[in-house]
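> Can you read through this structure? Questions will come right after.
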Amino acid sequence: MRLPDLLSRGVQASAIAECLFDDETDGVALLDTQGFVQRANQRFVQLSGAGEGQLAWTALPPQSATRLGDALRAHRPETVTTTVMRGNVRRVLRLACLAIPDHGALLRVSDYTHEQDLEEQLCQSQRLQAVGELAGGIAHDFNNLLTAILGATDDLRTRSDRPADRDDLTQIRQSAERGATLVRHLLAFSRQQTLQPRVVVLNDEIRQTYALLHRLIGARVELELQLEEPSRQVRIDPTQLSQVLMNLAVNARNAMPNGGRLLISTGHRLMLHPEPFGGELLPAGRYASLSVADTGMGIPPDVLPRIFEPFFTTRRDSDGNGLGLSTVHGIIKQSGGYMAVETTLGQGTRFDILLPRHEDQAVWQAASDPAPTRPARPPVSRTLLLVDDEGAVRRLAERVLIRSGWNVVAAPSAEDALELVEGGGLGEALGCVVSDVMMPGMDGPALVGRLRRIWPSLPAVLMSGYSDASLRESLTASDIRFIPKPFAMSDLTRTLSDMLHEPAG
């Protein structure tokens, strides 16, 4: 039976409160008509800071106290959610006040901190996802522009005899390369970069990065490894794993300007049931754990919710660009992992990373090992189909490929390319196709599939400013190479020569 029904039947307020005072989860208090506590359970005193004989909302922020006081005097129900500090502990409280005619009110206080944190984490996750989608789209367009700038710059440098011009072109190229680096960070944050995941031994990868990390953090920071043996295997891009470690190490170094200790540790975790982790629900399974902990200044509470946002930095006046932690977060998420952070002001910060364990015992062969030789297979012809919706990139690539000895047929879309093929516009059998991935209408991988109905073993090169699921699936096919934008035109000709096993032109 509801409380108003009990009151309408004449049940005494004290009897009603007696049934509620045993509640150990929420705080309950009986108030007089002025708002002073007549009786309260221990949980109420703990949460509100007010005991018997005290004003119930004396420890609340003024705005919340005013709302509850006005509701009591007007004999109307009121619910208030507010934030209070108990020493160094932040609590979010939800207070529900129900007026009791001629007696005062019944006030229930609930600790809403956990629920509020989950709501904020969900909003933050949704905001980061929206920013990531926007960043990925911008990065794709920007990569096309940078490809044109880099290609045109290299083309002019090869044809210029004036040292001054070559110096200016070199400066332009360096600036474009810096832009390309920023775009790679954005792609990592938005989880749209092209990874090359391999099965690796986690401890081995960390040991290989140790010397670089030691030089990176400087002599004032003590670097320590605590690596659990036997080490677990994970499937991740080794280069990106090194990037994660370096970014976290730099972040830790900046938090310890006077020196300190940086601890990198590994372990394992078995999850029998889904559990919260870093604001997400961690699925059940076997995980390899990687932790990076420092003894630095810690992260302020007002900064902590924004640390994974791109371009957010507290070091705007120095060399911080706000992309370090956002890049780390994107790499881990794109690799199927999870990430959480714990921090205490003045004591330090720990980043915990969980990666799915790879149970297969076959470990990726090191890149330094010699690759098996393949017999040379010349192309069917020197006719190449070039497809890209970005005009500047298409025209520049066409000039470079013609100088390399190709008979180039260019098209601005996959549909136009198919029309040329089906209408006999190529003039001869096709030797290779070079296509952008993301284009209006049909995309590059779909175009390659259609062309291979005619030429089943047609070699193909796909270009893209970012990758998606269709591209990753296409890269598993034979005789398909990928070039990430932006790239130098020499990279394109070198890729073609390598794929066709012929000397570079």
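In the structure tokens, each chain is lettered A, B, ... as it comes, each chain's residues begin at 1, and ligands are numbered from 1 in order of appearance.
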Quick one: everything within 7 Å of region 151-157 of chain A, counting only C-alpha atoms, minus sequence neighbours fewer than 5 positions away in the same chain. Send it as number ranges by chain.

A: 166, 169, 173, 396, 488-489

> Hey, what's within 6 Å of Cys97 (chain A) if we count only C-alpha atoms and toss same-chain stuff fewer than 3 positions away? As an NGL selection string, please?

:A and (77-78 or 106-107)

> Quick one: residues within 8 Å of Glu398 (chain A), only C-alpha atoms, excluding same-chain residues fewer than 6 positions away - as a PyMOL selection string?

chain A and resi 386+408+410

> Store the residues of this selection in a file with N, CA and C atoms, as a PDB file, in the first residue's frame.


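Result file is part34.pdb:
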```pdb
ATOM      1  N   LEU A 386      42.537   3.495 -63.657  1.00  0.00           N
ATOM      2  CA  LEU A 386      42.700   4.350 -62.481  1.00  0.00           C
ATOM      3  C   LEU A 386      41.358   4.983 -62.153  1.00  0.00           C
ATOM      4  N   VAL A 408      47.303   4.500 -69.217  1.00  0.00           N
ATOM      5  CA  VAL A 408      46.348   4.759 -68.145  1.00  0.00           C
ATOM      6  C   VAL A 408      44.998   5.169 -68.723  1.00  0.00           C
ATOM      7  N   ALA A 410      41.619   6.607 -67.062  1.00  0.00           N
ATOM      8  CA  ALA A 410      41.165   7.160 -65.782  1.00  0.00           C
ATOM      9  C   ALA A 410      39.660   7.348 -65.784  1.00  0.00           C
TER      10      ALA A 410
END
```

> What separation in Å, quoted to one decimal, exists between CA of Ile236 (chain A) and CA of Arg207 (chain A)?

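Atom-to-atom, CA of Ile236 (chain A) and CA of Arg207 (chain A) are spaced 15.8 Å apart.
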
> Go through A:Leu47, A:Leu227, A:Leu93, A:Ile172 one by one, measure the shortest atom-to-atom distance of each to Thr79 (chain A) using only C-alpha atoms, and give the residue with the smallest value.

A:Leu93

> Please identify all polymer residues within 10 Å of Pro257 (chain A), counting only C-alpha atoms, omitting same-chain residues fewer than 6 positions from it, and present them as an mmCIF file with C-alpha atoms, in the first residue's frame.


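Wrote out-v9.cif, looks like this:
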```cif
data_model
loop_
_atom_site.group_PDB
_atom_site.id
_atom_site.type_symbol
_atom_site.label_atom_id
_atom_site.label_comp_id
_atom_site.auth_asym_id
_atom_site.auth_seq_id
_atom_site.Cartn_x
_atom_site.Cartn_y
_atom_site.Cartn_z
ATOM 1 C CA ARG A 220 64.594 11.468 -13.690
ATOM 2 C CA VAL A 221 61.872 8.867 -14.145
ATOM 3 C CA GLY A 296 52.652 11.736 -10.754
ATOM 4 C CA MET A 297 50.215 14.498 -9.961
#
```

> Using CA of His103 (chain A) and CA of Gln54 (chain A) as the two end points, give the distance in Å to one decimal.

16.5 Å

> One decimal, in Å: what's the spacing between CA of Asp294 (chain A) and CA of Arg350 (chain A)?

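Straight-line distance from CA of Asp294 (chain A) to CA of Arg350 (chain A) works out to 6.4 Å.
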
> With a distance cut-off of 8 Å and only C-alpha atoms, select the neighbouring residues of region 276-293 of chain A, excluding the residue or stretch itself and same-chain residues fewer than 3 positions from it, and output the selection as an MDAnalysis selection string.

chainID A and resid 118 121:122 232:234 248:249 252 262:273 338:341 348:357

> Using DSSP on the backbone coordinates, identify all residues within region 238-352 of chain A classified as strand (DSSP E or B); present the result as a ChimeraX atom specification.

/A:260-271,275-277,280-282,285-294,338-344,348-352

> Can you write out the residues you just picked, keeping C-alpha atoms, as a tab-separated table (two decimals), in the first residue's frame?


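Contents of result-v1.tsv, as written:
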```
chain	number	residue	atom	x	y	z
A	260	GLY	CA	59.07	9.59	-10.22
A	261	ARG	CA	58.38	5.97	-11.07
A	262	LEU	CA	56.73	4.47	-14.14
A	263	LEU	CA	55.62	0.86	-13.82
A	264	ILE	CA	54.58	-1.25	-16.80
A	265	SER	CA	53.08	-4.58	-15.81
A	266	THR	CA	51.28	-7.45	-17.50
A	267	GLY	CA	49.04	-10.21	-16.26
A	268	HIS	CA	45.89	-12.06	-17.12
A	269	ARG	CA	42.24	-11.94	-16.20
A	270	LEU	CA	39.49	-14.51	-16.50
A	271	MET	CA	35.96	-13.07	-16.61
A	275	GLU	CA	31.39	-6.91	-15.54
A	276	PRO	CA	31.68	-3.09	-15.74
A	277	PHE	CA	35.11	-1.88	-16.83
A	280	GLU	CA	31.66	-0.26	-20.52
A	281	LEU	CA	30.41	-3.78	-19.97
A	282	LEU	CA	33.35	-6.16	-20.30
A	285	GLY	CA	36.28	-14.29	-21.57
A	286	ARG	CA	40.04	-14.58	-21.20
A	287	TYR	CA	42.08	-11.39	-21.34
A	288	ALA	CA	45.71	-10.34	-21.22
A	289	SER	CA	46.17	-7.28	-19.05
A	290	LEU	CA	48.58	-4.38	-19.55
A	291	SER	CA	48.92	-1.63	-16.93
A	292	VAL	CA	50.89	1.61	-17.07
A	293	ALA	CA	51.09	3.36	-13.70
A	294	ASP	CA	52.92	6.52	-12.62
A	338	TYR	CA	39.02	-2.26	-23.26
A	339	MET	CA	40.59	0.55	-21.27
A	340	ALA	CA	40.05	2.04	-17.82
A	341	VAL	CA	41.81	4.69	-15.74
A	342	GLU	CA	42.22	5.12	-11.99
A	343	THR	CA	43.74	8.27	-10.55
A	344	THR	CA	44.30	9.99	-7.20
A	348	GLY	CA	49.43	9.05	-9.50
A	349	THR	CA	47.45	7.49	-12.35
A	350	ARG	CA	47.10	3.97	-13.69
A	351	PHE	CA	45.81	3.03	-17.12
A	352	ASP	CA	44.54	-0.56	-17.33
```
